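*Asks:* Input file: run13.cif. Contents: mmCIF, C-alpha atoms.
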```
data_query
loop_
_atom_site.label_atom_id
_atom_site.label_comp_id
_atom_site.auth_asym_id
_atom_site.auth_seq_id
_atom_site.Cartn_x
_atom_site.Cartn_y
_atom_site.Cartn_z
CA MET A 19 120.24 82.81 123.98
CA ASN A 20 117.79 85.71 124.18
CA LYS A 21 115.86 84.85 127.30
CA ASP A 22 115.78 88.46 128.52
CA ILE A 23 113.68 89.78 125.64
CA PRO A 24 109.87 89.43 125.86
CA VAL A 25 108.59 87.01 123.21
CA ILE A 26 106.26 89.71 121.91
CA SER A 27 109.25 91.99 121.19
CA LEU A 28 111.21 89.12 119.69
CA GLN A 29 108.28 88.45 117.33
CA ARG A 30 108.46 91.98 116.04
CA LEU A 31 112.16 91.88 115.15
CA PRO A 32 111.60 89.98 111.86
CA VAL A 33 108.87 92.52 111.01
CA TYR A 34 111.33 95.40 111.42
CA LEU A 35 113.91 93.44 109.48
CA ASN A 36 111.58 92.88 106.52
CA TYR A 37 110.57 96.53 106.53
CA LEU A 38 114.17 97.79 106.68
CA LYS A 39 115.17 95.50 103.81
CA SER A 40 112.20 96.68 101.74
CA LEU A 41 113.38 100.32 101.76
CA PRO A 42 115.09 101.71 98.66
CA SER A 43 118.86 101.24 98.73
CA ASP A 44 119.50 104.99 99.01
CA ALA A 45 117.66 105.13 102.36
CA GLU A 46 120.74 105.51 104.52
CA TYR A 47 119.12 106.45 107.83
CA VAL A 48 115.83 105.46 109.45
CA SER A 49 114.22 106.95 112.54
CA SER A 50 112.17 105.04 115.11
CA GLY A 51 109.34 107.46 114.27
CA GLY A 52 109.57 106.59 110.59
CA ILE A 53 109.53 102.86 111.32
CA ALA A 54 106.61 103.30 113.73
CA ALA A 55 104.58 105.28 111.18
CA ALA A 56 105.25 102.80 108.37
CA LEU A 57 104.25 99.81 110.50
CA GLY A 58 101.35 101.46 112.31
CA MET A 59 103.00 101.09 115.72
CA GLY A 60 103.92 103.37 118.60
CA GLU A 61 107.33 105.02 118.45
CA VAL A 62 108.23 104.24 122.06
CA LEU A 63 107.51 100.57 121.45
CA VAL A 64 109.75 100.51 118.37
CA ARG A 65 112.56 102.18 120.28
CA LYS A 66 112.20 99.73 123.18
CA ASP A 67 112.22 96.71 120.87
CA LEU A 68 115.29 97.90 118.98
CA ALA A 69 117.10 98.60 122.25
CA TYR A 70 117.37 94.81 122.75
CA THR A 71 119.71 94.71 119.77
CA SER A 72 123.16 96.30 119.67
CA ALA A 73 122.01 99.09 117.31
CA ILE A 74 122.34 102.63 118.57
CA GLY A 75 120.12 105.38 117.20
CA ARG A 76 121.48 108.92 117.10
CA PRO A 77 119.32 111.93 118.02
CA ARG A 78 117.88 113.73 114.99
CA VAL A 79 119.60 111.27 112.61
CA GLY A 80 118.13 107.94 113.57
CA TYR A 81 119.66 104.53 112.92
CA ASP A 82 122.11 103.76 110.17
CA ARG A 83 119.87 101.39 108.19
CA GLN A 84 122.56 98.83 107.33
CA GLU A 85 123.84 98.82 110.93
CA LEU A 86 120.32 98.26 112.22
CA ILE A 87 119.73 95.41 109.76
CA ALA A 88 123.00 93.81 110.86
CA ALA A 89 122.14 94.26 114.55
CA ILE A 90 118.72 92.60 114.19
CA GLU A 91 120.18 89.79 112.09
CA GLU A 92 122.88 89.26 114.68
CA TYR A 93 120.24 89.12 117.39
CA LEU A 94 118.06 86.63 115.52
CA CYS A 95 120.84 84.36 114.29
CA CYS A 96 122.69 84.66 117.55
CA ASP A 97 124.94 81.62 117.14
CA GLY A 98 125.48 81.78 113.39
CA GLU A 99 124.53 78.67 111.39
CA ARG A 100 121.88 76.40 112.89
CA SER A 101 120.71 73.01 111.65
CA ALA A 102 117.07 72.03 111.48
CA VAL A 103 115.19 68.90 110.50
CA LEU A 104 111.64 68.44 109.25
CA VAL A 105 109.26 65.57 109.95
CA GLY A 106 106.43 64.81 107.53
CA ALA A 107 107.27 65.17 103.84
CA GLY A 108 103.66 65.64 102.70
CA ALA A 109 102.43 68.63 100.71
CA LEU A 110 103.18 71.23 103.40
CA GLY A 111 106.49 69.60 104.38
CA ARG A 112 107.63 69.63 100.76
CA ALA A 113 106.66 73.30 100.41
CA ILE A 114 108.69 74.20 103.49
CA LEU A 115 111.69 72.16 102.29
CA SER A 116 111.55 74.08 99.01
CA TYR A 117 111.34 77.46 100.73
CA GLY A 118 114.58 79.43 100.53
CA GLY A 119 113.90 82.03 103.24
CA PHE A 120 115.53 80.21 106.16
CA LYS A 121 119.09 81.02 105.15
CA ASN A 122 118.37 84.73 105.77
CA TYR A 123 118.24 83.75 109.44
CA GLY A 124 121.24 81.44 109.39
CA ILE A 125 119.04 78.35 109.50
CA GLU A 126 119.31 75.34 107.22
CA ILE A 127 116.88 72.43 107.09
CA LYS A 128 119.34 69.61 106.52
CA ALA A 129 117.16 66.50 106.45
CA ALA A 130 113.57 65.33 106.43
CA PHE A 131 111.93 62.26 107.93
CA ASP A 132 108.81 60.38 106.94
CA SER A 133 107.26 56.99 107.61
CA ASP A 134 106.02 56.47 104.03
CA PRO A 135 108.36 54.06 102.17
CA ASP A 136 107.53 55.87 98.89
CA LYS A 137 109.02 59.08 100.24
CA ILE A 138 112.09 57.64 101.98
CA SER A 139 115.42 58.05 100.15
CA ARG A 140 113.97 60.67 97.82
CA GLU A 141 115.40 64.16 97.67
CA ILE A 142 113.22 67.27 97.98
CA ALA A 143 114.88 70.58 97.12
CA GLY A 144 118.23 68.90 97.68
CA LYS A 145 117.26 67.53 101.09
CA ARG A 146 117.24 63.80 101.66
CA VAL A 147 114.17 62.13 103.19
CA TYR A 148 115.06 59.45 105.75
CA GLY A 149 112.88 56.86 107.47
CA ILE A 150 111.65 58.01 110.87
CA SER A 151 113.62 55.13 112.42
CA ASP A 152 116.83 56.89 111.35
CA ALA A 153 115.82 60.13 113.09
CA ALA A 154 117.75 59.58 116.33
CA LYS A 155 121.00 58.83 114.49
CA LYS A 156 120.69 61.63 111.91
CA ILE A 157 119.60 64.33 114.38
CA LYS A 158 122.62 63.61 116.57
CA GLU A 159 124.91 63.51 113.54
CA LEU A 160 123.61 66.90 112.35
CA ALA A 161 123.50 68.34 115.88
CA ALA A 162 120.05 69.67 114.91
CA GLU A 163 118.38 71.62 117.69
CA LEU A 164 115.51 72.95 115.57
CA ALA A 165 112.68 70.91 114.08
CA VAL A 166 109.59 71.52 111.97
CA ILE A 167 106.65 69.16 112.42
CA CYS A 168 104.32 68.73 109.43
CA VAL A 169 102.68 65.40 110.30
CA PRO A 170 98.94 64.73 110.78
CA ALA A 171 97.56 65.76 114.18
CA GLN A 172 97.42 62.26 115.67
CA PHE A 173 101.17 61.71 115.22
CA ALA A 174 102.39 65.15 116.31
CA GLN A 175 102.95 64.44 120.02
CA SER A 176 104.81 61.16 119.50
CA VAL A 177 107.00 62.79 116.84
CA ALA A 178 107.69 65.69 119.22
CA ASP A 179 108.61 63.27 122.02
CA LEU A 180 111.01 61.47 119.70
CA LEU A 181 112.61 64.73 118.53
CA ILE A 182 113.03 65.98 122.10
CA SER A 183 114.60 62.68 123.15
CA CYS A 184 117.12 63.23 120.31
CA GLY A 185 118.16 66.64 121.62
CA VAL A 186 115.83 68.98 119.70
CA LYS A 187 115.34 72.18 121.72
CA ALA A 188 112.85 74.11 119.56
CA ILE A 189 109.88 72.90 117.54
CA LEU A 190 107.79 74.72 114.96
CA ASN A 191 104.53 72.78 114.87
CA PHE A 192 102.21 72.92 111.87
CA ALA A 193 100.02 70.02 113.01
CA PRO A 194 96.61 71.31 114.12
CA VAL A 195 97.07 70.10 117.70
CA LEU A 196 98.85 71.34 120.80
CA ILE A 197 102.14 69.69 121.67
CA SER A 198 103.34 69.42 125.23
CA ALA A 199 107.05 69.64 125.88
CA PRO A 200 109.37 69.96 128.87
CA GLU A 201 110.22 73.48 130.07
CA ASN A 202 113.61 73.56 128.38
CA VAL A 203 112.05 73.03 124.94
CA VAL A 204 110.31 75.88 123.11
CA VAL A 205 107.36 75.19 120.84
CA ARG A 206 105.57 77.51 118.42
CA HIS A 207 102.33 76.46 116.86
CA ILE A 208 101.21 77.64 113.42
CA ASP A 209 97.65 76.59 112.73
CA VAL A 210 96.92 77.80 109.20
CA ALA A 211 93.17 77.14 109.38
CA ALA A 212 92.87 78.82 112.78
CA ASN A 213 94.67 81.88 111.44
CA LEU A 214 92.20 82.17 108.58
CA ALA A 215 89.32 81.62 111.03
CA ILE A 216 90.59 84.43 113.27
CA LEU A 217 90.68 86.74 110.26
CA SER A 218 87.24 85.59 109.20
CA SER A 219 85.78 86.46 112.58
CA MET A 220 87.35 89.92 112.47
CA ILE A 221 85.51 91.13 109.35
CA MET B 20 81.79 90.69 113.46
CA ASN B 21 83.85 90.31 116.66
CA LYS B 22 85.37 93.72 117.00
CA ASP B 23 84.84 93.84 120.76
CA ILE B 24 87.22 90.95 121.56
CA PRO B 25 90.94 91.72 121.86
CA VAL B 26 92.90 90.03 119.05
CA ILE B 27 95.07 88.30 121.64
CA SER B 28 91.97 86.61 123.15
CA LEU B 29 90.62 85.78 119.71
CA GLN B 30 93.92 84.06 118.88
CA ARG B 31 93.55 81.80 121.88
CA LEU B 32 90.06 80.57 120.97
CA PRO B 33 91.32 78.05 118.38
CA VAL B 34 93.83 76.81 120.99
CA TYR B 35 91.01 76.11 123.45
CA LEU B 36 88.99 74.53 120.66
CA ASN B 37 91.80 72.14 119.69
CA TYR B 38 92.36 71.21 123.33
CA LEU B 39 88.66 70.60 124.00
CA LYS B 40 88.37 68.41 120.92
CA SER B 41 91.45 66.43 121.94
CA LEU B 42 89.87 65.28 125.21
CA PRO B 43 88.48 61.73 125.44
CA SER B 44 84.83 61.51 124.42
CA ASP B 45 83.73 60.64 127.98
CA ALA B 46 85.01 63.99 129.30
CA GLU B 47 81.62 65.61 129.75
CA TYR B 48 82.61 68.67 131.79
CA VAL B 49 85.72 70.84 131.80
CA SER B 50 86.67 73.53 134.28
CA SER B 51 88.51 76.76 133.47
CA GLY B 52 91.12 75.60 136.00
CA GLY B 53 91.55 72.31 134.14
CA ILE B 54 91.93 74.08 130.79
CA ALA B 55 94.37 76.57 132.31
CA ALA B 56 96.52 73.81 133.82
CA ALA B 57 96.56 71.77 130.60
CA LEU B 58 97.58 74.75 128.48
CA GLY B 59 99.97 76.33 130.99
CA MET B 60 97.89 79.50 131.31
CA GLY B 61 96.27 81.48 134.11
CA GLU B 62 92.76 80.47 135.11
CA VAL B 63 91.43 84.05 135.19
CA LEU B 64 92.65 84.60 131.64
CA VAL B 65 90.93 81.42 130.42
CA ARG B 66 87.69 82.46 132.08
CA LYS B 67 87.89 85.96 130.57
CA ASP B 68 88.56 84.62 127.08
CA LEU B 69 85.71 82.14 127.23
CA ALA B 70 83.34 84.85 128.49
CA TYR B 71 83.46 86.37 124.99
CA THR B 72 81.61 83.31 123.73
CA SER B 73 78.06 82.36 124.68
CA ALA B 74 79.23 79.45 126.87
CA ILE B 75 78.30 79.61 130.54
CA GLY B 76 80.35 77.78 133.13
CA ARG B 77 78.62 76.51 136.25
CA PRO B 78 80.24 76.76 139.71
CA ARG B 79 81.89 73.50 140.82
CA VAL B 80 80.84 71.76 137.57
CA GLY B 81 82.54 73.81 134.88
CA TYR B 82 81.54 74.00 131.26
CA ASP B 83 79.64 71.34 129.38
CA ARG B 84 82.40 70.38 126.96
CA GLN B 85 80.18 70.01 123.88
CA GLU B 86 78.40 73.26 124.63
CA LEU B 87 81.73 75.05 125.00
CA ILE B 88 83.02 73.60 121.71
CA ALA B 89 79.82 74.73 119.98
CA ALA B 90 80.06 78.20 121.52
CA ILE B 91 83.67 78.71 120.38
CA GLU B 92 82.88 77.35 116.93
CA GLU B 93 79.90 79.67 116.68
CA TYR B 94 82.10 82.58 117.70
CA LEU B 95 84.83 81.75 115.18
CA CYS B 96 82.56 80.90 112.25
CA CYS B 97 80.18 83.69 113.13
CA ASP B 98 78.43 83.97 109.77
CA GLY B 99 78.38 80.31 108.79
CA GLU B 100 80.01 79.37 105.48
CA ARG B 101 82.65 81.75 104.12
CA SER B 102 84.38 81.64 100.75
CA ALA B 103 88.10 82.17 100.33
CA VAL B 104 90.46 82.35 97.38
CA LEU B 105 94.17 81.69 97.16
CA VAL B 106 96.73 83.45 94.98
CA GLY B 107 99.97 81.69 94.06
CA ALA B 108 99.68 77.99 93.28
CA GLY B 109 103.33 77.18 93.98
CA ALA B 110 104.50 74.58 96.49
CA LEU B 111 103.04 76.31 99.55
CA GLY B 112 99.84 77.32 97.76
CA ARG B 113 99.26 73.74 96.64
CA ALA B 114 99.84 72.47 100.19
CA ILE B 115 97.27 74.91 101.55
CA LEU B 116 94.75 74.00 98.84
CA SER B 117 95.17 70.35 99.81
CA TYR B 118 94.70 71.05 103.51
CA GLY B 119 91.34 69.96 104.84
CA GLY B 120 91.29 71.86 108.12
CA PHE B 121 89.45 74.97 106.93
CA LYS B 122 86.03 73.37 106.89
CA ASN B 123 86.21 72.99 110.69
CA TYR B 124 85.89 76.77 110.75
CA GLY B 125 83.21 77.07 108.08
CA ILE B 126 85.73 78.28 105.51
CA GLU B 127 86.16 76.92 102.01
CA ILE B 128 88.90 77.90 99.57
CA LYS B 129 86.90 77.89 96.36
CA ALA B 130 89.41 78.95 93.70
CA ALA B 131 93.07 79.67 93.15
CA PHE B 132 94.82 82.17 90.88
CA ASP B 133 98.24 82.12 89.31
CA SER B 134 100.06 83.91 86.50
CA ASP B 135 101.88 80.80 85.24
CA PRO B 136 100.14 79.44 82.09
CA ASP B 137 101.25 75.91 83.05
CA LYS B 138 99.21 76.11 86.24
CA ILE B 139 96.10 77.81 84.87
CA SER B 140 93.06 75.57 84.26
CA ARG B 141 94.56 72.77 86.35
CA GLU B 142 92.76 71.48 89.42
CA ILE B 143 94.49 71.13 92.79
CA ALA B 144 92.60 69.19 95.45
CA GLY B 145 89.42 69.80 93.49
CA LYS B 146 90.01 73.55 93.24
CA ARG B 147 90.38 75.15 89.84
CA VAL B 148 93.36 77.44 89.13
CA TYR B 149 92.41 80.55 87.13
CA GLY B 150 94.58 83.17 85.48
CA ILE B 151 95.15 86.22 87.66
CA SER B 152 93.31 88.30 85.03
CA ASP B 153 90.11 86.40 85.92
CA ALA B 154 90.46 87.24 89.62
CA ALA B 155 88.13 90.27 89.67
CA LYS B 156 85.31 88.38 87.96
CA LYS B 157 85.69 85.15 90.00
CA ILE B 158 86.07 86.86 93.38
CA LYS B 159 82.85 88.80 92.83
CA GLU B 160 81.07 85.68 91.56
CA LEU B 161 82.14 83.72 94.67
CA ALA B 162 81.56 86.69 97.00
CA ALA B 163 84.91 85.77 98.53
CA GLU B 164 85.91 88.05 101.40
CA LEU B 165 88.90 85.97 102.55
CA ALA B 166 92.13 85.47 100.63
CA VAL B 167 95.41 83.64 101.14
CA ILE B 168 98.51 85.08 99.46
CA CYS B 169 101.31 82.62 98.62
CA VAL B 170 103.18 84.58 95.93
CA PRO B 171 106.84 85.67 96.01
CA ALA B 172 107.56 88.77 98.10
CA GLN B 173 107.87 91.19 95.18
CA PHE B 174 104.33 90.50 93.97
CA ALA B 175 102.56 90.41 97.35
CA GLN B 176 101.54 94.08 97.56
CA SER B 177 100.16 94.31 94.01
CA VAL B 178 98.24 91.05 94.53
CA ALA B 179 96.86 92.41 97.81
CA ASP B 180 95.81 95.67 96.10
CA LEU B 181 94.01 93.70 93.41
CA LEU B 182 92.24 91.48 95.96
CA ILE B 183 91.15 94.47 98.02
CA SER B 184 89.82 96.22 94.92
CA CYS B 185 87.71 93.09 94.29
CA GLY B 186 86.11 93.23 97.73
CA VAL B 187 88.40 91.00 99.81
CA LYS B 188 88.22 92.05 103.47
CA ALA B 189 90.76 89.74 105.13
CA ILE B 190 94.13 88.51 103.91
CA LEU B 191 96.35 85.78 105.26
CA ASN B 192 99.80 86.62 103.89
CA PHE B 193 102.52 83.98 103.59
CA ALA B 194 104.83 86.14 101.47
CA PRO B 195 107.86 87.24 103.53
CA VAL B 196 107.01 90.93 103.23
CA LEU B 197 104.65 93.33 104.97
CA ILE B 198 101.47 94.24 103.12
CA SER B 199 99.77 97.56 103.63
CA ALA B 200 96.01 97.70 103.44
CA PRO B 201 93.25 100.19 104.20
CA GLU B 202 91.82 100.23 107.72
CA ASN B 203 88.73 98.21 106.84
CA VAL B 204 90.85 95.25 105.64
CA VAL B 205 92.50 92.91 108.15
CA VAL B 206 95.83 91.29 107.35
CA ARG B 207 97.69 88.53 109.19
CA HIS B 208 101.23 87.71 108.26
CA ILE B 209 102.71 84.22 108.64
CA ASP B 210 106.42 84.27 108.00
CA VAL B 211 107.55 80.67 108.32
CA ALA B 212 111.28 81.46 108.32
CA ALA B 213 110.85 84.26 110.86
CA ASN B 214 108.95 81.89 113.15
CA LEU B 215 111.78 79.39 113.04
CA ALA B 216 114.30 82.20 113.61
CA ILE B 217 112.39 83.39 116.67
CA LEU B 218 112.50 79.86 118.07
CA SER B 219 116.16 79.58 117.22
CA SER B 220 116.98 82.73 119.16
CA MET B 221 115.06 81.44 122.20
CA ILE B 222 117.21 78.36 122.80
#
```
Translate this structure into structure tokens?
*Replies:*
Amino acid sequence: MNKDIPVISLQRLPVYLNYLKSLPSDAEYVSSGGIAAALGMGEVLVRKDLAYTSAIGRPRVGYDRQELIAAIEEYLCCDGERSAVLVGAGALGRAILSYGGFKNYGIEIKAAFDSDPDKISREIAGKRVYGISDAAKKIKELAAELAVICVPAQFAQSVADLLISCGVKAILNFAPVLISAPENVVVRHIDVAANLAILSSMI
Amino acid sequence: MNKDIPVISLQRLPVYLNYLKSLPSDAEYVSSGGIAAALGMGEVLVRKDLAYTSAIGRPRVGYDRQELIAAIEEYLCCDGERSAVLVGAGALGRAILSYGGFKNYGIEIKAAFDSDPDKISREIAGKRVYGISDAAKKIKELAAELAVICVPAQFAQSVADLLISCGVKAILNFAPVLISAPENVVVRHIDVAANLAILSSMI
């Protein structure tokens, strides 16, 4: 539970993590100044962000790179292994089920749900697709608190309501529509088209 | 070219747009207070963001909803139709090629590139997949300034370098690695696993 860290700082932790992991293996120490320069950020900001983790930088030496990686990973995967489910096994849902990057953060997508009889009972990347009517039972069984929504816009809110009623506490929403949720549930919205549009309007 | 708007405001424009479009068709007027309440934001912030567009709210009436939608759309698709290309026709790339939401923003993904001979010359959602060696020629032919990168992490930087050398000005990067680019190129990074990890650490 990292409620004390500003979301904007939290969002930068995976960026630091990716950068630190991308360094050559003989890079033993990294300084906040070096990280800041590489990522085009301010040094004070980097130091502030990293201060939320347990890593301790030493004057004139910097951070031990492996220690810093471990500290950020510990911060991001605070409770160790976490179970997630995915709703909507269409093209995007299948791509996300096949994506291996979640385990770096201690997250595993354990099951998928869909309403299409042709998809139910199939396996995608080793994950079973269940009918949406089985969601309540399976989510409780898996104690899944994380969910990814990849359904068409018009179904996103009702799917979110169902997930929340089953105990889901965090939703990553890929449907191009805003989802409303009670205060104790966190929602992040990734709108792929909107992201490209934002870029387009910046050039 | 919207260089005067802060990126953080620009990012909220698609959120307003989705909300405005989700309202029932008989909702003729919307107030900044109404938008703010629906989206859990401050009213002053909403008014400031919308002031970057050409929409004009009237006291005690609010904004004409259709006018406001048109103004945001105009702002986001500032130059009309824009061509994009995609590199990496794997699971995620195919999902993005099949996604219809880009046209709402005046963007069309016109071609895809891959290095896998099995994928080259195939069509995905009506888009032809070309060999990566054809990228320079095709990108110039299409005058594509936008690109989506869906390749594995280790290839992302070299793909980005190639795209930039072909005239691409904006890159949406799905590879789980940071891409460096010259100052006149804008890059947005969507790390699906990191987004889920951030959520996970918030609950």
*Asks:* Check which residues satisfy the PyMOL selection byres ((chain A and resi 190) around 9) in the file shown, then give them as a ChimeraX atom specification.
*Replies:* /A:164-168,188-189,191-192,204-208 /B:211,214-215,218
*Asks:* Could you please tell me, as a ChimeraX atom specification, which residues of chain A have an atom within 8 Å of chain B when using only C-alpha atoms?
*Replies:* /A:19-21,28-29,32-33,36-37,40,93-96,100,109-110,112-114,116,119-120,123,125,164,187-190,194-196,203-206,211-221
*Asks:* Go ahead and dump the residues you just picked, C-alpha atoms, as a PDB file, keeping the file's coordinate frame.
*Replies:*
```pdb
ATOM      1  CA  MET A  19     120.240  82.810 123.980  1.00  0.00           C
ATOM      2  CA  ASN A  20     117.790  85.710 124.180  1.00  0.00           C
ATOM      3  CA  LYS A  21     115.860  84.850 127.300  1.00  0.00           C
ATOM      4  CA  LEU A  28     111.210  89.120 119.690  1.00  0.00           C
ATOM      5  CA  GLN A  29     108.280  88.450 117.330  1.00  0.00           C
ATOM      6  CA  PRO A  32     111.600  89.980 111.860  1.00  0.00           C
ATOM      7  CA  VAL A  33     108.870  92.520 111.010  1.00  0.00           C
ATOM      8  CA  ASN A  36     111.580  92.880 106.520  1.00  0.00           C
ATOM      9  CA  TYR A  37     110.570  96.530 106.530  1.00  0.00           C
ATOM     10  CA  SER A  40     112.200  96.680 101.740  1.00  0.00           C
ATOM     11  CA  TYR A  93     120.240  89.120 117.390  1.00  0.00           C
ATOM     12  CA  LEU A  94     118.060  86.630 115.520  1.00  0.00           C
ATOM     13  CA  CYS A  95     120.840  84.360 114.290  1.00  0.00           C
ATOM     14  CA  CYS A  96     122.690  84.660 117.550  1.00  0.00           C
ATOM     15  CA  ARG A 100     121.880  76.400 112.890  1.00  0.00           C
ATOM     16  CA  ALA A 109     102.430  68.630 100.710  1.00  0.00           C
ATOM     17  CA  LEU A 110     103.180  71.230 103.400  1.00  0.00           C
ATOM     18  CA  ARG A 112     107.630  69.630 100.760  1.00  0.00           C
ATOM     19  CA  ALA A 113     106.660  73.300 100.410  1.00  0.00           C
ATOM     20  CA  ILE A 114     108.690  74.200 103.490  1.00  0.00           C
ATOM     21  CA  SER A 116     111.550  74.080  99.010  1.00  0.00           C
ATOM     22  CA  GLY A 119     113.900  82.030 103.240  1.00  0.00           C
ATOM     23  CA  PHE A 120     115.530  80.210 106.160  1.00  0.00           C
ATOM     24  CA  TYR A 123     118.240  83.750 109.440  1.00  0.00           C
ATOM     25  CA  ILE A 125     119.040  78.350 109.500  1.00  0.00           C
ATOM     26  CA  LEU A 164     115.510  72.950 115.570  1.00  0.00           C
ATOM     27  CA  LYS A 187     115.340  72.180 121.720  1.00  0.00           C
ATOM     28  CA  ALA A 188     112.850  74.110 119.560  1.00  0.00           C
ATOM     29  CA  ILE A 189     109.880  72.900 117.540  1.00  0.00           C
ATOM     30  CA  LEU A 190     107.790  74.720 114.960  1.00  0.00           C
ATOM     31  CA  PRO A 194      96.610  71.310 114.120  1.00  0.00           C
ATOM     32  CA  VAL A 195      97.070  70.100 117.700  1.00  0.00           C
ATOM     33  CA  LEU A 196      98.850  71.340 120.800  1.00  0.00           C
ATOM     34  CA  VAL A 203     112.050  73.030 124.940  1.00  0.00           C
ATOM     35  CA  VAL A 204     110.310  75.880 123.110  1.00  0.00           C
ATOM     36  CA  VAL A 205     107.360  75.190 120.840  1.00  0.00           C
ATOM     37  CA  ARG A 206     105.570  77.510 118.420  1.00  0.00           C
ATOM     38  CA  ALA A 211      93.170  77.140 109.380  1.00  0.00           C
ATOM     39  CA  ALA A 212      92.870  78.820 112.780  1.00  0.00           C
ATOM     40  CA  ASN A 213      94.670  81.880 111.440  1.00  0.00           C
ATOM     41  CA  LEU A 214      92.200  82.170 108.580  1.00  0.00           C
ATOM     42  CA  ALA A 215      89.320  81.620 111.030  1.00  0.00           C
ATOM     43  CA  ILE A 216      90.590  84.430 113.270  1.00  0.00           C
ATOM     44  CA  LEU A 217      90.680  86.740 110.260  1.00  0.00           C
ATOM     45  CA  SER A 218      87.240  85.590 109.200  1.00  0.00           C
ATOM     46  CA  SER A 219      85.780  86.460 112.580  1.00  0.00           C
ATOM     47  CA  MET A 220      87.350  89.920 112.470  1.00  0.00           C
ATOM     48  CA  ILE A 221      85.510  91.130 109.350  1.00  0.00           C
TER      49      ILE A 221
END
```
*Asks:* Give me, please, the distance in Å between CA of Ile87 in chain A and CA of Gly75 in chain A, quoted to one decimal.
*Replies:* 12.4 Å
*Asks:* Evaluated on this file, the PyMOL selection byres ((chain B and resi 161) around 12) picks out some residues - which ones are they, written as a VMD selection string?
*Replies:* chain B and resid 100 to 104 127 to 131 154 to 160 162 to 166 185 to 187
*Asks:* Rounded to one decimal in Å, what is the spacing between CA of Leu86 in chain A and CA of Val178 in chain B?
*Replies:* 29.2 Å
*Asks:* May I ask for the distance between CA of Arg84 in chain B and CA of Tyr48 in chain B, given in Å to one decimal place?
*Replies:*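 Atom-to-atom, CA of Arg84 in chain B to CA of Tyr48 in chain B, that is 5.1 Å.
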*Asks:* I'd like the residues picked by the PyMOL selection byres ((chain A and resi 73) around 12) written out as a PDB file with C-alpha atoms, in the frame of the given file, using the chain letters and numbers from the file.
*Replies:*
```pdb
ATOM      1  CA  VAL A  48     115.830 105.460 109.450  1.00  0.00           C
ATOM      2  CA  SER A  50     112.170 105.040 115.110  1.00  0.00           C
ATOM      3  CA  ARG A  65     112.560 102.180 120.280  1.00  0.00           C
ATOM      4  CA  LYS A  66     112.200  99.730 123.180  1.00  0.00           C
ATOM      5  CA  ASP A  67     112.220  96.710 120.870  1.00  0.00           C
ATOM      6  CA  LEU A  68     115.290  97.900 118.980  1.00  0.00           C
ATOM      7  CA  ALA A  69     117.100  98.600 122.250  1.00  0.00           C
ATOM      8  CA  TYR A  70     117.370  94.810 122.750  1.00  0.00           C
ATOM      9  CA  THR A  71     119.710  94.710 119.770  1.00  0.00           C
ATOM     10  CA  SER A  72     123.160  96.300 119.670  1.00  0.00           C
ATOM     11  CA  ILE A  74     122.340 102.630 118.570  1.00  0.00           C
ATOM     12  CA  GLY A  75     120.120 105.380 117.200  1.00  0.00           C
ATOM     13  CA  ARG A  76     121.480 108.920 117.100  1.00  0.00           C
ATOM     14  CA  GLY A  80     118.130 107.940 113.570  1.00  0.00           C
ATOM     15  CA  TYR A  81     119.660 104.530 112.920  1.00  0.00           C
ATOM     16  CA  ASP A  82     122.110 103.760 110.170  1.00  0.00           C
ATOM     17  CA  ARG A  83     119.870 101.390 108.190  1.00  0.00           C
ATOM     18  CA  GLN A  84     122.560  98.830 107.330  1.00  0.00           C
ATOM     19  CA  GLU A  85     123.840  98.820 110.930  1.00  0.00           C
ATOM     20  CA  LEU A  86     120.320  98.260 112.220  1.00  0.00           C
ATOM     21  CA  ILE A  87     119.730  95.410 109.760  1.00  0.00           C
ATOM     22  CA  ALA A  88     123.000  93.810 110.860  1.00  0.00           C
ATOM     23  CA  ALA A  89     122.140  94.260 114.550  1.00  0.00           C
ATOM     24  CA  ILE A  90     118.720  92.600 114.190  1.00  0.00           C
ATOM     25  CA  GLU A  91     120.180  89.790 112.090  1.00  0.00           C
ATOM     26  CA  GLU A  92     122.880  89.260 114.680  1.00  0.00           C
ATOM     27  CA  TYR A  93     120.240  89.120 117.390  1.00  0.00           C
TER      28      TYR A  93
END
```
